[in-house]
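Source file protein-v3.txt; content: compact mmCIF, C-alpha atoms.
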```txt
# COMPACT_ATOMS: atom_id res chain seq x y z
CA MET J 193 78.78 110.35 85.55
CA VAL J 194 80.61 113.53 86.55
CA PRO J 195 83.83 114.50 84.73
CA GLY J 196 86.94 115.89 86.37
CA TYR J 197 88.58 119.30 86.27
CA ASN J 198 88.10 121.11 82.97
CA GLU J 199 87.09 117.85 81.30
CA PRO J 200 84.29 117.21 78.80
CA PRO J 201 81.85 114.33 79.31
CA THR J 202 83.46 112.54 76.34
CA HIS J 203 86.34 111.55 78.60
CA PHE J 204 84.02 108.90 80.04
CA GLU J 205 83.46 107.27 76.66
CA VAL J 206 85.94 104.45 77.26
CA LEU J 207 84.22 103.34 80.47
CA GLN J 208 80.82 103.78 78.82
CA LYS J 209 81.44 102.18 75.43
CA GLY J 210 84.59 100.13 75.96
CA ARG J 211 87.62 99.82 73.70
CA ALA J 212 89.95 97.24 72.20
CA GLY J 213 87.25 94.56 72.22
CA ILE J 214 86.30 95.12 75.86
CA GLU J 215 82.67 96.08 76.42
CA GLY J 216 81.86 99.11 78.54
CA LEU J 217 79.07 99.87 80.97
CA GLU J 218 76.42 100.46 78.29
CA SER J 219 76.88 97.00 76.77
CA ARG J 220 76.45 95.52 80.23
CA GLY J 221 73.00 96.96 80.76
CA PHE J 222 73.69 100.38 82.27
CA ARG J 223 72.27 103.61 80.90
CA CYS J 224 75.00 106.23 81.26
CA VAL J 225 74.17 109.92 81.56
CA THR J 226 76.96 112.46 81.93
CA PHE J 227 76.74 115.70 83.87
CA PRO J 228 77.17 118.63 81.45
CA PRO J 229 80.38 120.71 81.54
CA GLN J 230 80.50 123.35 84.27
CA ALA J 231 82.86 126.25 84.95
CA ASP J 232 81.68 127.40 88.39
CA ASN J 233 83.13 126.82 91.84
CA LEU J 234 82.69 123.44 93.44
CA ARG J 235 80.01 124.30 95.99
CA ASP J 236 77.82 125.77 93.26
CA ARG J 237 78.56 122.76 91.10
CA VAL J 238 77.25 120.45 93.80
CA ASP J 239 73.96 122.36 93.70
CA ARG J 240 73.84 122.21 89.89
CA PHE J 241 74.40 118.46 90.13
CA ALA J 242 71.52 118.21 92.59
CA ASP J 243 69.35 120.00 89.99
CA HIS J 244 70.60 117.51 87.40
CA VAL J 245 69.57 114.56 89.59
CA THR J 246 66.15 116.15 90.06
CA PHE J 247 65.85 116.52 86.27
CA LEU J 248 66.70 112.83 85.78
CA ARG J 249 64.03 111.80 88.28
CA GLU J 250 61.39 114.05 86.73
CA SER J 251 62.33 112.76 83.27
CA GLY J 252 61.35 109.25 84.25
CA HIS J 253 64.74 107.67 84.90
CA GLU J 254 64.73 104.69 87.20
CA PHE J 255 65.81 105.45 90.76
CA PRO J 256 67.90 105.05 92.79
CA ILE J 257 70.82 105.86 90.52
CA ALA J 258 74.52 105.11 90.86
CA THR J 259 76.88 108.08 90.61
CA VAL J 260 80.41 107.90 89.22
CA GLY J 261 82.79 110.83 89.61
CA TYR J 262 86.28 111.02 88.19
CA SER J 263 88.90 113.13 89.99
CA LEU J 264 87.21 116.45 90.81
CA GLY J 265 83.92 114.85 89.76
CA GLY J 266 84.19 112.53 92.74
CA LEU J 267 84.10 115.57 95.01
CA VAL J 268 80.84 116.59 93.34
CA VAL J 269 79.09 113.23 93.81
CA ARG J 270 80.25 113.01 97.42
CA GLY J 271 79.42 116.69 97.88
CA PHE J 272 75.85 115.90 96.83
CA LEU J 273 75.56 113.52 99.80
CA ARG J 274 77.11 116.15 102.08
CA ALA J 275 74.82 118.99 100.99
CA TYR J 276 71.64 116.93 100.63
CA PRO J 277 71.76 114.05 103.13
CA GLU J 278 67.97 113.84 103.02
CA ARG J 279 68.31 112.80 99.36
CA ALA J 280 70.94 110.11 99.94
CA LYS J 281 68.42 107.35 99.20
CA GLU J 282 68.24 108.62 95.61
CA VAL J 283 71.78 107.21 95.15
CA SER J 284 72.40 103.48 95.47
CA HIS J 285 76.19 103.64 94.97
CA THR J 286 78.70 106.49 94.99
CA ILE J 287 81.89 105.69 93.08
CA MET J 288 84.91 107.99 93.08
CA ILE J 289 87.82 107.35 90.70
CA GLY J 290 91.14 109.05 91.49
CA THR J 291 89.39 111.59 93.71
CA PRO J 292 91.33 113.86 96.12
CA ASN J 293 88.90 113.63 99.03
CA TRP J 294 91.01 115.76 101.31
CA GLY J 295 92.34 117.84 98.45
CA VAL J 296 95.59 118.36 96.61
CA THR J 297 98.46 120.76 96.98
CA THR J 298 97.70 123.05 94.05
CA LEU J 299 100.76 125.28 94.46
CA GLU J 300 101.31 126.87 91.05
CA MET J 301 98.51 125.07 89.25
CA PRO J 302 96.14 128.09 89.40
CA HIS J 303 98.79 130.14 87.56
CA LEU J 304 99.14 127.33 85.01
CA THR J 305 95.40 127.15 84.43
CA ARG J 306 95.19 130.90 83.92
CA MET J 307 98.08 130.74 81.47
CA LEU J 308 96.33 127.98 79.52
CA ARG J 309 93.03 129.90 79.77
CA MET J 310 91.15 126.96 81.22
CA PRO J 311 87.60 128.10 81.99
CA ASP J 312 87.00 125.88 85.01
CA GLN J 313 86.99 127.99 88.20
CA ALA J 314 87.24 125.07 90.63
CA MET J 315 91.01 124.59 90.86
CA GLY J 316 91.35 126.55 94.10
CA ASP J 317 88.51 124.56 95.68
CA MET J 318 90.57 121.38 95.37
CA ASP J 319 93.38 122.79 97.50
CA ILE J 320 93.78 120.89 100.77
CA ASP J 321 93.29 124.11 102.76
CA SER J 322 90.31 125.47 100.83
CA ASP J 323 86.97 126.45 102.33
CA PHE J 324 85.29 123.82 100.14
CA MET J 325 87.43 121.02 101.56
CA ARG J 326 86.76 122.17 105.11
CA TRP J 327 83.04 122.18 104.32
CA LEU J 328 83.09 118.78 102.59
CA ASN J 329 85.01 117.03 105.36
CA GLY J 330 83.81 119.06 108.33
CA THR J 331 87.41 119.70 109.31
CA GLY J 332 90.67 121.16 108.07
CA GLY J 333 94.20 119.92 108.46
CA HIS J 334 97.82 120.87 108.95
CA TRP J 335 101.27 119.80 107.84
CA VAL J 336 103.36 117.55 110.05
CA PHE J 337 107.08 117.52 109.27
CA VAL J 338 108.88 114.18 109.46
CA HIS J 339 112.44 112.92 109.28
CA ASP J 340 114.76 115.80 108.36
CA LYS J 341 111.97 118.43 108.24
CA ARG J 342 112.13 118.49 104.47
CA ASN J 343 109.37 115.93 104.17
CA ARG J 344 105.87 116.60 105.41
CA LEU J 345 102.54 114.82 105.73
CA TRP J 346 99.04 116.29 105.74
CA GLN J 347 97.11 115.45 108.89
CA LEU J 348 93.43 116.18 109.47
CA ASP J 349 92.62 118.20 112.58
CA SER J 350 89.80 115.86 113.61
CA ASP J 351 87.82 112.89 112.31
CA PRO J 352 86.21 113.99 109.04
CA TYR J 353 82.63 113.74 107.94
CA VAL J 354 82.49 111.10 105.20
CA ALA J 355 78.88 110.51 104.15
CA PRO J 356 75.38 110.02 105.54
CA SER J 357 74.75 106.74 107.32
CA GLY J 358 73.55 104.10 104.89
CA ALA J 359 75.41 105.44 101.87
CA HIS J 360 77.46 102.98 99.81
CA LEU J 361 80.79 104.45 98.74
CA LEU J 362 83.83 103.18 96.87
CA SER J 363 87.05 105.04 96.14
CA ILE J 364 89.07 103.54 93.27
CA VAL J 365 92.74 104.35 93.74
CA GLY J 366 95.70 104.06 91.38
CA LEU J 367 99.04 103.14 92.95
CA ILE J 368 102.34 103.33 91.07
CA PRO J 369 105.19 101.38 92.74
CA GLN J 370 107.87 103.52 91.07
CA ARG J 371 106.36 106.65 92.65
CA GLY J 372 106.33 105.26 96.17
CA GLY J 373 103.32 102.98 95.80
CA ASP J 374 100.98 105.43 97.53
CA ASN J 375 99.71 107.65 94.70
CA ASP J 376 98.63 107.72 91.05
CA GLY J 377 101.01 110.52 90.13
CA LEU J 378 98.47 113.23 91.00
CA VAL J 379 96.32 111.98 93.89
CA TRP J 380 97.62 110.38 97.09
CA ALA J 381 95.90 107.26 98.41
CA ASP J 382 95.40 108.88 101.82
CA SER J 383 93.54 111.73 100.17
CA ALA J 384 91.45 109.43 98.00
CA THR J 385 90.37 107.34 101.00
CA LEU J 386 90.36 110.05 103.71
CA GLY J 387 93.09 108.20 105.53
CA GLY J 388 91.44 104.81 105.04
CA ARG J 389 87.96 105.92 106.12
CA ILE J 390 86.33 105.43 102.69
CA PRO J 391 86.07 101.84 101.40
CA SER J 392 88.50 101.53 98.53
CA HIS J 393 89.80 99.36 95.73
CA SER J 394 93.44 99.79 94.72
CA ILE J 395 94.76 99.25 91.20
CA VAL J 396 98.49 98.71 91.39
CA GLY J 397 101.08 98.75 88.62
CA PRO J 398 103.67 100.84 86.79
CA HIS J 399 101.05 102.39 84.48
CA CYS J 400 98.25 102.94 87.01
CA ASN J 401 98.46 106.68 86.64
CA HIS J 402 95.64 109.17 87.08
CA MET J 403 94.72 109.32 83.38
CA ASN J 404 94.90 105.60 82.62
CA LEU J 405 92.33 104.94 85.34
CA ILE J 406 89.64 106.02 82.85
CA GLY J 407 91.57 105.32 79.66
CA HIS J 408 92.12 108.96 78.78
CA PHE J 409 95.28 110.37 77.20
CA ASP J 410 96.27 114.01 77.70
CA ILE J 411 99.41 115.27 76.00
CA LEU J 412 99.99 118.12 78.49
CA ILE J 413 99.78 115.85 81.52
CA MET J 414 101.89 113.23 79.76
CA LEU J 415 104.65 115.76 79.17
CA SER J 416 104.48 117.31 82.64
CA LYS J 417 104.08 114.10 84.66
CA GLY J 418 105.69 111.49 82.42
CA PHE J 419 102.52 109.41 82.15
CA LEU J 420 102.41 106.81 79.36
CA ARG J 421 99.18 105.48 77.93
CA ASN J 422 98.35 101.87 78.75
CA ASP J 423 95.05 100.18 77.91
CA ARG J 424 95.48 97.49 80.55
CA VAL J 425 94.52 99.83 83.41
CA TRP J 426 91.03 101.15 82.64
CA PRO J 427 89.54 97.63 82.33
CA LEU J 428 90.53 97.11 85.98
CA THR J 429 88.64 100.28 86.91
CA LEU J 430 85.67 99.05 84.89
CA GLN J 431 85.71 95.66 86.64
CA ALA J 432 85.98 97.24 90.10
CA THR J 433 82.99 99.43 89.22
CA LEU J 434 80.95 96.47 88.01
CA ASP J 435 81.86 94.39 91.05
CA PHE J 436 80.78 97.18 93.39
CA LEU J 437 77.52 97.85 91.53
CA GLY J 438 76.69 94.15 91.54
CA SER J 439 77.70 93.41 95.10
CA ALA J 440 74.91 92.45 97.47
CA ASN J 441 77.35 92.56 100.37
CA ALA J 442 78.54 96.17 100.12
CA GLN J 443 78.54 97.54 103.65
CA PRO J 444 76.64 100.82 104.11
CA PHE J 445 78.58 103.63 105.69
CA SER J 446 77.69 104.51 109.27
CA GLN J 447 78.42 107.93 110.71
CA LYS J 448 76.67 110.63 112.68
CA SER J 449 75.34 113.54 110.69
CA PRO J 450 77.49 116.70 110.81
CA SER J 451 76.53 119.52 113.11
```

Represent the structure from my file as structure tokens, please.
Amino acid sequence: MVPGYNEPPTHFEVLQKGRAGIEGLESRGFRCVTFPPQADNLRDRVDRFADHVTFLRESGHEFPIATVGYSLGGLVVRGFLRAYPERAKEVSHTIMIGTPNWGVTTLEMPHLTRMLRMPDQAMGDMDIDSDFMRWLNGTGGHWVFVHDKRNRLWQLDSDPYVAPSGAHLLSIVGLIPQRGGDNDGLVWADSATLGGRIPSHSIVGPHCNHMNLIGHFDILIMLSKGFLRNDRVWPLTLQATLDFLGSANAQPFSQKSPS
């Protein structure tokens, strides 16, 4: 399990242990291991995660493993498949929760993170026009203006690389009707699914915001985005995860390897 931007592994505790009488992954037979906190750039973090997977294998853990990445963490688990396609068979399922697979518009967020002295260096790598995103997807993108030229949409320059053939991926997406029904307040559905190219499961409702997807409450994000805590959302993420892990009919991804 790989945490998101500037997040400790403890933010996965709700999905691992459950809450409010609902059992988590550990009570359902899964052994959960979290990737330690990192403060490097995303490409280096992918390599550190690869070392972590090697450590798990050498420590006697049963393989293949399932990987779960939240937000930025989803870029790491998918980045592992991108950087090490020859190791894809070590992963049975790749699950991304609220992950910006073609990036986010960071705008002033780097200034905010410096002001708050957040140690994580990966903010710039999540930008839609970053070198990391172009490496991960094998392509960049550009803005297309629509309607009155005050609204714009991000469009990829070419079909992106998604994953090695045979990989099983799921992107879990939060959709808030009051915010247009196409985002979780931080991550757009098109970004999470690479424009519909990644198999996905949508969780729809007025409280399906980015933080509630894993049952985490953050006062700064609540104040800046207007998110309210709601314990009815994360159980839906948990169930989608369990359904995907237990599905014998999950279709493997098929795509040519990148050049």

Name all residues at most 12 Å from range 356-359 of chain J (count all atoms listed in the file; drop same-chain ones fewer than 5 positions away) and give them as a PDB file with C-alpha atoms, keeping the file's coordinate frame.
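To be explicit, this is the file written out as out.pdb:
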```
ATOM      1  CA  PRO J 256      67.900 105.050  92.790  1.00  0.00           C
ATOM      2  CA  ALA J 258      74.520 105.110  90.860  1.00  0.00           C
ATOM      3  CA  THR J 259      76.880 108.080  90.610  1.00  0.00           C
ATOM      4  CA  VAL J 269      79.090 113.230  93.810  1.00  0.00           C
ATOM      5  CA  ARG J 270      80.250 113.010  97.420  1.00  0.00           C
ATOM      6  CA  GLY J 271      79.420 116.690  97.880  1.00  0.00           C
ATOM      7  CA  PHE J 272      75.850 115.900  96.830  1.00  0.00           C
ATOM      8  CA  LEU J 273      75.560 113.520  99.800  1.00  0.00           C
ATOM      9  CA  ARG J 274      77.110 116.150 102.080  1.00  0.00           C
ATOM     10  CA  ALA J 275      74.820 118.990 100.990  1.00  0.00           C
ATOM     11  CA  TYR J 276      71.640 116.930 100.630  1.00  0.00           C
ATOM     12  CA  PRO J 277      71.760 114.050 103.130  1.00  0.00           C
ATOM     13  CA  GLU J 278      67.970 113.840 103.020  1.00  0.00           C
ATOM     14  CA  ARG J 279      68.310 112.800  99.360  1.00  0.00           C
ATOM     15  CA  ALA J 280      70.940 110.110  99.940  1.00  0.00           C
ATOM     16  CA  LYS J 281      68.420 107.350  99.200  1.00  0.00           C
ATOM     17  CA  GLU J 282      68.240 108.620  95.610  1.00  0.00           C
ATOM     18  CA  VAL J 283      71.780 107.210  95.150  1.00  0.00           C
ATOM     19  CA  SER J 284      72.400 103.480  95.470  1.00  0.00           C
ATOM     20  CA  HIS J 285      76.190 103.640  94.970  1.00  0.00           C
ATOM     21  CA  THR J 286      78.700 106.490  94.990  1.00  0.00           C
ATOM     22  CA  ILE J 287      81.890 105.690  93.080  1.00  0.00           C
ATOM     23  CA  ASN J 329      85.010 117.030 105.360  1.00  0.00           C
ATOM     24  CA  ILE J 390      86.330 105.430 102.690  1.00  0.00           C
ATOM     25  CA  PRO J 391      86.070 101.840 101.400  1.00  0.00           C
ATOM     26  CA  ALA J 442      78.540  96.170 100.120  1.00  0.00           C
ATOM     27  CA  GLN J 443      78.540  97.540 103.650  1.00  0.00           C
ATOM     28  CA  PRO J 444      76.640 100.820 104.110  1.00  0.00           C
ATOM     29  CA  PHE J 445      78.580 103.630 105.690  1.00  0.00           C
ATOM     30  CA  SER J 446      77.690 104.510 109.270  1.00  0.00           C
ATOM     31  CA  GLN J 447      78.420 107.930 110.710  1.00  0.00           C
ATOM     32  CA  LYS J 448      76.670 110.630 112.680  1.00  0.00           C
ATOM     33  CA  SER J 449      75.340 113.540 110.690  1.00  0.00           C
ATOM     34  CA  PRO J 450      77.490 116.700 110.810  1.00  0.00           C
TER      35      PRO J 450
END
```

Which is closest to Pro427 in chain J among J:Leu386, J:Val206, J:Met403, J:Met193, if we use all atoms listed in the file?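 Going through J:Leu386, J:Val206, J:Met403, J:Met193 one by one, the smallest distance to Pro427 in chain J is for J:Val206.
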
Hey, what's within 12 Å of Phe337 in chain J if we count only C-alpha atoms and toss same-chain stuff fewer than 5 positions away? As number ranges by chain, please? J: 342-347

Using only C-alpha atoms, determine which residues lie at most 7 Å from Trp294 in chain J, disregarding the query and same-chain residues fewer than 2 positions distant; provide the list as a PyMOL selection string. chain J and resi 292+320+325+383+386

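Considering all atoms listed in the file, the residue among J:Leu361, J:Ile257, J:Ala381, J:Cys400 positioned nearest to Val425 in chain J is J:Cys400.
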
Point-to-point distance in Å for CA of Leu428 in chain J and CA of Arg237 in chain J: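 The value is 28.8 Å.
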
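The spacing separating CA of Arg326 in chain J from CA of Val354 in chain J amounts to 11.9 Å.
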
At a cut-off of 7 Å from (79.5, 109.2, 85.0) in the coordinates of the file, what residues are picked up using all atoms listed in the file, written as a list in words? Met193, Val194, Pro195, Phe204, Cys224, Val225, Thr226, Thr259, Val260 and Gly261 of chain J
